[in-house]
>>> print(open('upload19.cif').read())   # mmCIF, C-alpha atoms and all ligand atoms
data_upload
loop_
_atom_site.label_atom_id
_atom_site.label_comp_id
_atom_site.auth_asym_id
_atom_site.auth_seq_id
_atom_site.Cartn_x
_atom_site.Cartn_y
_atom_site.Cartn_z
CA MET C 1 41.84 95.71 127.56
CA TYR C 2 42.74 97.78 124.52
CA LEU C 3 40.74 99.01 121.59
CA ILE C 4 42.40 98.29 118.26
CA SER C 5 43.44 101.94 117.83
CA GLU C 6 44.98 101.93 121.33
CA LEU C 7 46.88 98.73 120.70
CA ALA C 8 48.08 100.03 117.32
CA ALA C 9 49.40 103.21 119.00
CA LYS C 10 51.13 101.22 121.75
CA VAL C 11 53.09 98.99 119.38
CA GLY C 12 53.57 101.60 116.64
CA VAL C 13 51.82 99.80 113.77
CA SER C 14 48.74 100.68 111.77
CA ARG C 15 45.23 99.41 112.43
CA THR C 16 45.30 97.56 109.09
CA THR C 17 48.48 95.78 110.12
CA LEU C 18 46.84 94.62 113.33
CA LEU C 19 43.87 93.27 111.41
CA TYR C 20 46.30 91.43 109.15
CA TYR C 21 48.10 90.00 112.24
CA GLU C 22 44.74 88.89 113.50
CA ARG C 23 44.01 87.06 110.25
CA LEU C 24 47.34 85.26 110.68
CA GLY C 25 46.33 84.33 114.21
CA LEU C 26 49.09 86.30 115.88
CA VAL C 27 46.61 88.21 118.02
CA THR C 28 43.00 87.41 118.80
CA GLY C 29 40.67 90.28 119.60
CA GLN C 30 37.30 89.75 121.20
CA ARG C 31 34.18 91.56 120.08
CA LEU C 32 32.21 92.69 123.14
CA ASP C 33 28.53 93.44 123.42
CA ASN C 34 29.09 97.11 122.54
CA GLY C 35 30.34 95.92 119.12
CA TYR C 36 33.97 97.06 119.63
CA ARG C 37 36.98 94.72 119.33
CA TYR C 38 39.14 94.54 122.43
CA TYR C 39 42.62 93.13 122.88
CA SER C 40 44.20 91.82 126.05
CA GLU C 41 47.50 92.59 127.83
CA GLY C 42 48.58 89.15 126.53
CA ASP C 43 48.02 90.33 122.95
CA LEU C 44 50.13 93.42 123.60
CA GLN C 45 53.03 91.42 125.03
CA ARG C 46 52.80 88.90 122.24
CA LEU C 47 53.13 91.74 119.71
CA ILE C 48 56.17 93.14 121.56
CA LEU C 49 57.75 89.70 121.42
CA ILE C 50 57.01 89.41 117.69
CA GLN C 51 58.55 92.80 117.06
CA GLN C 52 61.71 91.70 118.89
CA LEU C 53 61.91 88.59 116.72
CA GLN C 54 61.40 90.71 113.61
CA THR C 55 64.47 92.79 114.48
CA ALA C 56 66.46 89.56 114.05
CA GLY C 57 65.22 89.48 110.46
CA LEU C 58 62.50 86.81 110.93
CA SER C 59 59.42 86.96 108.72
CA LEU C 60 55.97 86.94 110.36
CA LYS C 61 55.58 83.29 109.48
CA GLU C 62 58.93 82.50 111.07
CA CYS C 63 57.98 84.55 114.14
CA GLN C 64 54.88 82.48 114.45
CA GLU C 65 56.85 79.22 114.17
CA CYS C 66 59.29 80.52 116.72
CA LEU C 67 56.49 81.29 119.17
CA GLN C 68 55.21 77.77 118.66
CA ALA C 69 58.75 76.37 119.19
CA LYS C 70 58.63 74.94 115.68
CA LEU C 71 61.37 77.00 114.06
CA ASP C 72 64.21 75.00 112.57
CA LYS C 73 67.56 75.87 114.26
CA SER C 74 69.47 75.45 110.99
CA LEU C 75 67.41 78.30 109.54
CA LEU C 76 68.54 80.54 112.39
CA GLU C 77 72.15 79.43 111.79
CA SER C 78 72.03 80.27 108.11
CA ARG C 79 70.35 83.63 108.88
CA LEU C 80 73.14 84.39 111.33
CA ASN C 81 75.83 83.55 108.75
CA GLN C 82 74.10 85.74 106.20
CA LEU C 83 73.94 88.58 108.71
CA ASN C 84 77.62 88.20 109.60
CA GLU C 85 78.51 88.47 105.92
CA GLU C 86 76.41 91.59 105.56
CA ILE C 87 78.02 93.13 108.64
CA GLU C 88 81.48 92.36 107.27
CA LYS C 89 80.59 94.04 103.98
CA LYS C 90 79.20 97.06 105.77
CA GLN C 91 82.29 97.28 107.97
CA HIS C 92 84.43 97.14 104.86
CA ALA C 93 82.36 99.89 103.27
CA ARG C 94 82.75 101.97 106.42
CA GLU C 95 86.52 101.46 106.48
CA LEU C 96 86.72 102.40 102.82
CA LEU C 97 84.82 105.64 103.37
CA MET C 98 86.96 106.45 106.41
CA ALA C 99 90.11 105.72 104.38
CA LEU C 100 89.01 107.95 101.52
CA LEU C 101 88.25 110.72 104.01
CA GLY C 102 91.66 110.35 105.63
CA LYS C 103 90.13 109.04 108.85
CA GLY C 104 91.60 105.56 108.50
CA SER C 105 94.33 103.60 106.72
CA GLN C 106 94.14 103.19 102.93
CA ARG C 107 96.64 100.33 102.86
CA GLU C 108 94.22 97.51 102.15
CA LEU C 109 92.56 99.47 99.37
CA HIS C 110 95.86 100.26 97.67
CA GLN C 111 97.13 96.72 97.98
CA SER C 112 93.97 95.26 96.60
CA LEU C 113 93.81 97.68 93.67
CA GLY C 114 97.51 97.25 92.87
CA LYS C 115 96.93 93.53 92.67
CA ASN C 116 93.53 93.29 91.02
CA ALA C 117 93.23 96.39 88.84
CA PRO C 118 96.78 97.75 88.41
CA ASN C 119 96.15 99.91 85.35
CA ALA C 120 92.92 101.49 86.59
CA TYR C 121 94.66 102.03 89.92
CA LEU C 122 97.60 103.95 88.43
CA ASN C 123 95.23 106.00 86.25
CA TRP C 124 93.22 106.89 89.33
CA LEU C 125 96.37 108.05 91.12
CA HIS C 126 97.30 110.20 88.11
CA VAL C 127 93.85 111.78 88.16
CA GLN C 128 94.38 112.56 91.85
CA GLY C 129 97.38 114.61 90.75
CA TYR C 130 100.24 112.19 91.43
CA SER C 131 103.13 112.17 88.97
CA GLU C 132 104.12 108.79 87.56
CA LYS C 133 107.03 108.65 90.02
CA GLU C 134 104.89 109.39 93.06
CA ALA C 135 102.11 107.09 91.88
CA LEU C 136 104.56 104.19 91.66
CA ARG C 137 105.98 105.04 95.08
CA LEU C 138 102.47 105.15 96.45
CA LYS C 139 101.76 101.75 94.98
CA TRP C 140 104.94 100.10 96.20
CA LEU C 141 105.74 101.98 99.38
CA SER C 142 103.34 104.28 101.22
CA LYS C 143 100.02 102.72 100.05
CA ASP C 144 98.16 105.68 101.51
CA MET C 145 97.50 109.01 99.81
CA ASN C 146 96.94 110.74 103.15
CA GLN C 147 100.24 109.54 104.59
CA HIS C 148 102.32 109.57 101.40
CA ASP C 149 104.51 112.65 101.94
CA THR C 150 105.44 111.80 105.52
CA TYR C 151 106.02 108.19 104.56
CA MET C 152 108.40 109.06 101.72
CA GLN C 153 110.27 111.55 103.87
CA ASP C 154 110.86 108.85 106.51
CA PHE C 155 111.73 106.29 103.85
CA MET C 156 114.37 108.49 102.28
CA THR C 157 115.76 109.38 105.72
CA VAL C 158 116.36 105.67 106.30
CA PHE C 159 117.96 104.98 102.93
CA GLU C 160 119.94 108.14 102.19
CA THR C 161 123.04 107.08 104.12
CA LEU C 162 122.95 103.40 103.09
CA GLU C 163 125.32 102.07 100.44
CA ARG C 164 123.01 99.32 99.22
CA TRP C 165 119.41 99.88 98.23
CA GLY C 166 118.86 96.21 97.44
CA PRO C 167 120.35 92.80 98.20
CA GLY C 168 123.46 91.75 96.27
CA SER C 169 127.22 91.35 96.39
CA THR C 170 130.23 92.38 94.33
CA GLN C 171 130.83 88.71 93.61
CA ASP C 172 127.33 88.16 92.22
CA SER C 173 127.37 91.33 90.12
CA LEU C 174 130.77 90.36 88.70
CA LYS C 175 129.48 86.88 87.92
CA ALA C 176 126.55 88.34 85.97
CA LEU C 177 128.86 90.78 84.19
CA THR C 178 131.19 87.97 83.15
CA LEU C 179 128.21 86.14 81.63
CA ILE C 180 127.47 89.23 79.55
CA SER C 181 131.05 89.13 78.13
CA PRO C 182 132.16 92.64 79.15
CA GLU C 183 134.83 92.76 76.43
CA SER C 184 132.14 92.67 73.75
CA ILE C 185 129.98 95.58 74.96
CA SER C 186 130.52 99.27 74.36
CA GLN C 187 127.19 100.86 75.37
CA VAL C 188 125.42 99.79 78.55
CA LEU C 189 122.19 101.11 80.00
CA GLU C 190 121.81 100.64 83.74
CA ILE C 191 118.29 101.10 85.10
CA GLY C 192 117.43 101.94 88.73
CA PHE C 193 121.07 102.22 89.85
CA GLY C 194 120.36 103.34 93.44
CA LYS C 195 123.65 104.20 95.13
CA GLY C 196 125.58 103.26 91.98
CA LEU C 197 127.52 100.30 93.36
CA SER C 198 127.03 98.26 90.21
CA THR C 199 127.46 101.33 88.00
CA ILE C 200 131.01 101.73 89.28
CA LEU C 201 131.58 97.98 89.08
CA LEU C 202 130.42 97.91 85.43
CA ALA C 203 132.71 100.82 84.58
CA GLU C 204 135.72 99.39 86.35
CA ASN C 205 135.32 95.92 84.86
CA SER C 206 134.60 96.79 81.24
CA THR C 207 135.55 99.42 78.72
CA ALA C 208 131.89 100.27 78.03
CA HIS C 209 130.20 103.62 78.44
CA ILE C 210 127.43 103.39 81.01
CA THR C 211 124.24 105.42 80.80
CA ALA C 212 122.84 105.18 84.31
CA VAL C 213 119.13 105.93 84.79
CA ASP C 214 117.25 106.50 88.03
CA ASN C 215 114.28 108.72 88.80
CA GLU C 216 115.45 109.72 92.27
CA PRO C 217 117.33 113.08 92.24
CA MET C 218 119.23 112.14 95.39
CA ALA C 219 120.62 109.06 93.60
CA ILE C 220 121.60 111.15 90.55
CA GLU C 221 123.38 113.72 92.72
CA HIS C 222 125.20 111.03 94.66
CA LEU C 223 126.41 109.31 91.48
CA HIS C 224 127.59 112.60 90.01
CA GLN C 225 129.76 113.19 93.06
CA ARG C 226 131.03 109.64 93.06
CA ILE C 227 132.09 109.57 89.42
CA GLN C 228 133.86 112.91 89.81
CA SER C 229 135.87 111.65 92.74
CA LEU C 230 136.66 108.36 90.95
CA ASN C 231 137.53 110.11 87.70
CA LEU C 232 134.82 108.19 85.84
CA ALA C 233 132.86 111.15 84.47
CA GLN C 234 133.81 110.26 80.89
CA ARG C 235 132.60 106.70 81.32
CA ILE C 236 129.31 107.17 83.18
CA SER C 237 126.40 109.45 82.28
CA PRO C 238 123.74 109.71 85.00
CA VAL C 239 120.27 110.41 83.58
CA CYS C 240 117.17 111.26 85.63
CA ALA C 241 114.32 109.46 83.86
CA SER C 242 111.71 106.81 84.45
CA MET C 243 112.27 103.20 83.48
CA THR C 244 108.79 103.30 81.97
CA GLU C 245 109.68 106.10 79.52
CA LEU C 246 113.33 105.79 78.63
CA PRO C 247 114.48 108.66 76.42
CA PHE C 248 116.77 106.67 74.09
CA LYS C 249 116.72 105.67 70.44
CA GLU C 250 116.05 102.13 69.34
CA LYS C 251 119.05 99.76 69.29
CA SER C 252 121.22 102.11 71.35
CA PHE C 253 122.66 99.57 73.76
CA ASP C 254 124.68 96.34 73.73
CA ALA C 255 123.42 95.53 77.21
CA ILE C 256 120.84 96.59 79.76
CA TRP C 257 121.46 96.06 83.46
CA ALA C 258 118.55 96.19 85.92
CA GLU C 259 119.27 94.98 89.45
CA SER C 260 116.43 94.72 92.02
CA CYS C 261 114.19 97.24 90.32
CA VAL C 262 112.15 95.54 87.58
CA TYR C 263 109.24 94.92 89.98
CA ILE C 264 108.47 98.64 89.81
CA MET C 265 107.03 98.38 86.30
CA GLY C 266 106.56 94.62 86.22
CA MET C 267 108.72 92.05 84.46
CA GLU C 268 106.49 91.56 81.43
CA ASN C 269 106.17 95.31 80.74
CA ALA C 270 109.92 95.75 81.13
CA LEU C 271 110.76 92.90 78.77
CA LYS C 272 108.49 94.43 76.13
CA GLN C 273 109.44 98.08 76.57
CA TRP C 274 113.20 97.67 76.96
CA LYS C 275 113.71 95.21 74.12
CA PRO C 276 113.68 97.79 71.27
CA LEU C 277 116.51 99.69 73.03
CA LEU C 278 118.81 96.69 72.68
CA LYS C 279 120.88 96.08 69.57
CA ASP C 280 120.38 92.74 67.83
CA LYS C 281 121.55 89.95 70.13
CA GLY C 282 121.89 92.54 72.89
CA MET C 283 122.09 91.31 76.49
CA LEU C 284 119.71 91.94 79.36
CA MET C 285 120.69 91.30 82.97
CA VAL C 286 117.63 91.53 85.14
CA SER C 287 117.20 90.36 88.71
CA ASP C 288 113.83 89.55 90.18
CA LEU C 289 112.31 88.16 93.35
CA VAL C 290 111.34 84.49 92.89
CA TRP C 291 110.01 81.63 94.96
CA LEU C 292 112.51 78.86 95.59
CA THR C 293 109.89 76.41 96.77
CA ASP C 294 106.26 75.52 96.08
CA THR C 295 105.57 75.49 99.82
CA PRO C 296 107.03 78.69 101.24
CA ASP C 297 106.75 79.74 104.84
CA GLU C 298 103.26 81.10 105.47
CA ASP C 299 104.40 84.53 106.71
CA ALA C 300 106.69 85.00 103.72
CA MET C 301 103.92 83.95 101.34
CA LYS C 302 101.42 86.33 102.90
CA PHE C 303 103.92 89.15 102.91
CA TRP C 304 105.01 88.85 99.27
CA LEU C 305 101.56 88.15 97.89
CA ALA C 306 100.49 91.46 99.40
CA ASP C 307 103.67 93.38 98.64
CA TYR C 308 104.78 91.86 95.34
CA PRO C 309 101.88 89.86 93.90
CA ASP C 310 103.79 89.33 90.65
CA ILE C 311 106.37 87.15 92.43
CA SER C 312 106.90 83.99 90.33
CA SER C 313 108.74 80.71 90.30
CA ILE C 314 111.94 80.40 88.25
CA PRO C 315 110.31 78.13 85.60
CA GLU C 316 107.48 80.69 85.17
CA ARG C 317 110.02 83.45 84.59
CA LEU C 318 112.00 81.31 82.11
CA LYS C 319 108.80 80.67 80.17
CA LEU C 320 108.04 84.39 80.07
CA PHE C 321 111.51 85.25 78.73
CA LYS C 322 111.03 82.77 75.92
CA GLN C 323 107.58 84.14 75.10
CA GLN C 324 108.96 87.68 74.97
CA GLY C 325 111.79 86.77 72.57
CA TYR C 326 114.79 86.35 74.86
CA GLU C 327 117.18 83.41 75.11
CA VAL C 328 118.28 82.54 78.66
CA VAL C 329 122.07 82.46 78.81
CA GLU C 330 122.32 81.64 82.50
CA HIS C 331 120.64 82.36 85.80
CA PHE C 332 121.63 82.06 89.44
CA SER C 333 120.34 82.84 92.93
CA LEU C 334 121.57 85.28 95.54
CA ASP C 335 122.63 83.48 98.69
CA VAL C 336 121.89 84.57 102.23
CA GLU C 337 125.18 86.50 102.55
CA ALA C 338 124.14 88.74 99.63
CA TRP C 339 120.87 89.41 101.46
CA LYS C 340 122.71 90.23 104.67
CA ASN C 341 124.80 92.80 102.79
CA TYR C 342 121.52 94.65 102.44
CA TRP C 343 119.54 93.96 105.58
CA LEU C 344 122.24 94.15 108.29
CA PRO C 345 123.25 97.80 107.60
CA LEU C 346 119.55 98.60 107.13
CA GLN C 347 118.76 97.05 110.50
CA GLN C 348 121.56 99.00 112.15
CA ARG C 349 120.30 102.23 110.60
CA MET C 350 116.80 101.52 111.88
CA GLU C 351 118.06 100.98 115.42
CA GLY C 352 119.62 104.43 115.28
CA LEU C 353 116.53 106.13 113.86
CA LYS C 354 113.73 104.39 115.70
CA PRO C 355 113.90 106.37 118.96
CA SER C 356 113.40 109.63 117.05
CA MET C 357 110.71 108.19 114.71
CA PRO C 358 108.63 105.96 117.01
CA ASP C 359 105.37 106.25 115.03
CA SER C 360 106.78 106.00 111.52
CA GLN C 361 104.83 103.66 109.24
CA ALA C 362 107.86 103.49 106.93
CA ILE C 363 110.03 102.24 109.80
CA ALA C 364 107.37 99.70 110.80
CA ASP C 365 107.16 98.41 107.20
CA ILE C 366 110.93 98.11 106.82
CA GLU C 367 111.15 96.27 110.13
CA LYS C 368 108.49 93.83 109.01
CA GLU C 369 110.32 93.27 105.72
CA ILE C 370 113.61 92.60 107.53
CA SER C 371 111.90 90.06 109.78
CA ILE C 372 110.71 88.22 106.66
CA TYR C 373 114.26 88.29 105.25
CA GLU C 374 115.68 86.91 108.49
CA GLN C 375 113.13 84.14 108.52
CA SER C 376 113.29 82.95 104.94
CA ALA C 377 115.48 84.91 102.49
CA ALA C 378 117.47 82.56 100.22
CA LYS C 379 115.44 79.66 101.66
CA ASP C 380 111.89 80.28 100.46
CA PHE C 381 112.53 83.20 98.10
CA THR C 382 115.48 85.06 96.66
CA TYR C 383 116.59 87.44 93.96
CA GLN C 384 117.38 85.47 90.83
CA TYR C 385 119.87 87.01 88.40
CA PHE C 386 118.81 86.28 84.83
CA VAL C 387 121.27 86.87 81.98
CA LEU C 388 119.31 86.97 78.73
CA ARG C 389 120.05 87.56 75.08
CA LYS C 390 117.59 89.27 72.78
CA ASN C 391 116.56 87.03 69.90
CA GLY C 392 117.33 88.78 66.64
C1 LIG J 1 115.51 98.65 95.22
S1 LIG J 1 116.41 99.95 94.53
C2 LIG J 1 117.70 99.07 93.71
C3 LIG J 1 118.92 99.89 93.52
C4 LIG J 1 120.12 99.19 92.94
N1 LIG J 1 119.88 98.68 91.62
C5 LIG J 1 120.58 98.08 93.84
O1 LIG J 1 120.42 96.91 93.48
O2 LIG J 1 121.10 98.40 94.95
C6 LIG J 1 115.36 100.50 93.19
C7 LIG J 1 115.90 101.69 92.47
O3 LIG J 1 115.03 102.01 91.39
C8 LIG J 1 114.81 103.41 91.37
N2 LIG J 1 113.52 103.67 90.74
C9 LIG J 1 112.29 103.59 91.30
N3 LIG J 1 111.35 103.85 90.39
C10 LIG J 1 111.98 104.13 89.23
C11 LIG J 1 111.53 104.49 87.94
N4 LIG J 1 110.24 104.60 87.65
N5 LIG J 1 112.46 104.72 86.99
C12 LIG J 1 113.79 104.62 87.27
N6 LIG J 1 114.25 104.26 88.48
C13 LIG J 1 113.37 104.02 89.45
C14 LIG J 1 114.88 103.83 92.82
O4 LIG J 1 115.16 105.22 92.95
C15 LIG J 1 116.03 102.95 93.30
O5 LIG J 1 117.25 103.56 93.07
#
>>> encode(input="upload19.cif", output="structure tokens")
Amino acid sequence: MYLISELAAKVGVSRTTLLYYERLGLVTGQRLDNGYRYYSEGDLQRLILIQQLQTAGLSLKECQECLQAKLDKSLLESRLNQLNEEIEKKQHARELLMALLGKGSQRELHQSLGKNAPNAYLNWLHVQGYSEKEALRLKWLSKDMNQHDTYMQDFMTVFETLERWGPGSTQDSLKALTLISPESISQVLEIGFGKGLSTILLAENSTAHITAVDNEPMAIEHLHQRIQSLNLAQRISPVCASMTELPFKEKSFDAIWAESCVYIMGMENALKQWKPLLKDKGMLMVSDLVWLTDTPDEDAMKFWLADYPDISSIPERLKLFKQQGYEVVEHFSLDVEAWKNYWLPLQQRMEGLKPSMPDSQAIADIEKEISIYEQSAAKDFTYQYFVLRKNG
């Protein structure tokens, strides 16, 4: 038998709480002849049981119903669901804190921000000290501030020796150039030229002067060397600048050429920002990743929605061009051979590098991307080449 103060000490609640429990009928003390209230071993065990039930989030009333076998099972189910949701949120919060502290991956955070709050996201990266170039690379490639430098080093190691930095073929580039009417252009701006394959092609198949912009110094250096050796230095001017802040006067160009790079600043932004640089009726050749079907393969859909959430259908893109004041002259899709021109040498390069870079996140990402290409490039999605004319 326990006095109320003894029972309260045993179960770690106050005397007042025990009196309240008694009023609810959860325990029943007995007043003995000496005037004191006493509680039994049964009362103690009942209280321990109630406390166990309370840790599952049951109210006192629910505990009571449970003890009387009257508690509705559906209530327990809904409580469990609620708890699972709370746990998931807490786990997410924990992962986020770990990611911010560099103790876990930031990938999910970066992907979600890039998709749902792109402007605030880029501003945040700038405040963290990233230049515009590095912020965009973080958004599109490394997706982790703590891993960014290593990631970019590995990424450039993979790509530095490759001829193509995006899918395409000489045939497709020539087709797009023909649609631009190369004989009628004298000043061309190429944006994001990579290894300069199309830069050389544009120079060799027109009489135009080509201003070639990229923000990667390695690409600029490589193009300089290439145009020297091909005797094209008078025809091609490499410029290191960002596609988001092009240092040219309005109406400087008869045509703009942007192959596999518009995603970096987004199609809509590019259409707006590049338009003033074109002369009246100037041409824009821009290629972009598009869906070829409304029901793409699930893996491809998941991959692109995370990696390029702006991916659209062809009709959506055509609508956007019209809205932004461009007439569509023609458009066509890259076939699987054009994709292979890109991914087969990339795959071969990876095989050579993998043994010496077994833990590289960049290598893992590129491998994943290649597997998506193998599965569904030119079937579910492709690069669409759009040849547009500026209205007015
Ligand atoms: C996927 S590659 C495409 C290269 C080339 N056009 C091709 O089709 O092979 C994208 C290119 O855009 C360049 N780039 C990335 N961000 C840029 C920026 N903000 N301004 C200019 N060029 C950029 C990269 O350095 C790279 O050369």
>>> residues_near_ligand(input="upload19.cif", ligand="ligand LIG 1 (chain J)", cutoff="8 Å", atoms="all atoms listed in the file", output="PyMOL selection string")
chain C and resi 132-133+136-137+163-168+191-198+213-216+219+240-244+258-261+264-265
>>> write_last_selection(input="upload19.cif", atoms="C-alpha atoms", output="CSV table (one decimal), in the coordinates of the input")
chain,number,residue,atom,x,y,z
C,132,GLU,CA,104.1,108.8,87.6
C,133,LYS,CA,107.0,108.6,90.0
C,136,LEU,CA,104.6,104.2,91.7
C,137,ARG,CA,106.0,105.0,95.1
C,163,GLU,CA,125.3,102.1,100.4
C,164,ARG,CA,123.0,99.3,99.2
C,165,TRP,CA,119.4,99.9,98.2
C,166,GLY,CA,118.9,96.2,97.4
C,167,PRO,CA,120.4,92.8,98.2
C,168,GLY,CA,123.5,91.8,96.3
C,191,ILE,CA,118.3,101.1,85.1
C,192,GLY,CA,117.4,101.9,88.7
C,193,PHE,CA,121.1,102.2,89.8
C,194,GLY,CA,120.4,103.3,93.4
C,195,LYS,CA,123.6,104.2,95.1
C,196,GLY,CA,125.6,103.3,92.0
C,197,LEU,CA,127.5,100.3,93.4
C,198,SER,CA,127.0,98.3,90.2
C,213,VAL,CA,119.1,105.9,84.8
C,214,ASP,CA,117.2,106.5,88.0
C,215,ASN,CA,114.3,108.7,88.8
C,216,GLU,CA,115.4,109.7,92.3
C,219,ALA,CA,120.6,109.1,93.6
C,240,CYS,CA,117.2,111.3,85.6
C,241,ALA,CA,114.3,109.5,83.9
C,242,SER,CA,111.7,106.8,84.4
C,243,MET,CA,112.3,103.2,83.5
C,244,THR,CA,108.8,103.3,82.0
C,258,ALA,CA,118.6,96.2,85.9
C,259,GLU,CA,119.3,95.0,89.4
C,260,SER,CA,116.4,94.7,92.0
C,261,CYS,CA,114.2,97.2,90.3
C,264,ILE,CA,108.5,98.6,89.8
C,265,MET,CA,107.0,98.4,86.3
>>> closest_residue(input="upload19.cif", among="C:Asn269, C:Gln147, C:Cys66, C:Asp294", to="Asn119 (chain C)", atoms="all atoms listed in the file")
C:Asn269
>>> residues_near_point(input="upload19.cif", point="(128.2, 104.2, 74.7)", cutoff="12 Å", atoms="only C-alpha atoms", output="MDAnalysis selection string")
chainID C and resid 185:190 203 206:212 234:237 248 251:256
>>> residues_around(input="upload19.cif", residues="region 306-311 of chain C", least_positions_apart="5", cutoff="10 Å", atoms="all atoms listed in the file", output="PyMOL selection string")
chain C and resi 108+111-112+114-116+139-141+263-264+266-268+288-291+300-301+316-317+369+381
>>> closest_residue(input="upload19.cif", among="C:Arg37, C:His110, C:Arg226, C:Lys340", to="Glu22 (chain C)", atoms="only C-alpha atoms")
C:Arg37
>>> atom_distance(input="upload19.cif", atom1="CA of Gln225 (chain C)", atom2="CA of Phe159 (chain C)")
17.4 Å
>>> atom_distance(input="upload19.cif", atom1="CA of Asp297 (chain C)", atom2="CA of Ala338 (chain C)")
20.3 Å
>>> closest_residue(input="upload19.cif", among="C:Leu388, C:Val336, C:Met283, C:Leu292", to="Gln375 (chain C)", atoms="all atoms listed in the file")
C:Val336
>>> atom_distance(input="upload19.cif", atom1="CA of Ser173 (chain C)", atom2="CA of Lys249 (chain C)")
26.6 Å
>>> residues_around(input="upload19.cif", residues="region 99-102 of chain C", least_positions_apart="6", cutoff="10 Å", atoms="all atoms listed in the file", output="PDB file with C-alpha atoms, in the frame of the given file")
ATOM      1  CA  ALA C  93      82.360  99.890 103.270  1.00  0.00           C
ATOM      2  CA  GLU C 108      94.220  97.510 102.150  1.00  0.00           C
ATOM      3  CA  LEU C 109      92.560  99.470  99.370  1.00  0.00           C
ATOM      4  CA  ASP C 144      98.160 105.680 101.510  1.00  0.00           C
ATOM      5  CA  MET C 145      97.500 109.010  99.810  1.00  0.00           C
ATOM      6  CA  ASN C 146      96.940 110.740 103.150  1.00  0.00           C
ATOM      7  CA  GLN C 147     100.240 109.540 104.590  1.00  0.00           C
TER       8      GLN C 147
END
>>> residues_near_point(input="upload19.cif", point="(128.1, 91.9, 88.6)", cutoff="10 Å", atoms="all atoms listed in the file", output="list in words")
Gly168, Ser169, Thr170, Gln171, Asp172, Ser173, Leu174, Lys175, Ala176, Leu177, Thr178, Leu179, Ile180, Leu197, Ser198, Thr199, Leu201, Leu202, Asn205, Trp257, Glu259, Met285 and Tyr385 of chain C
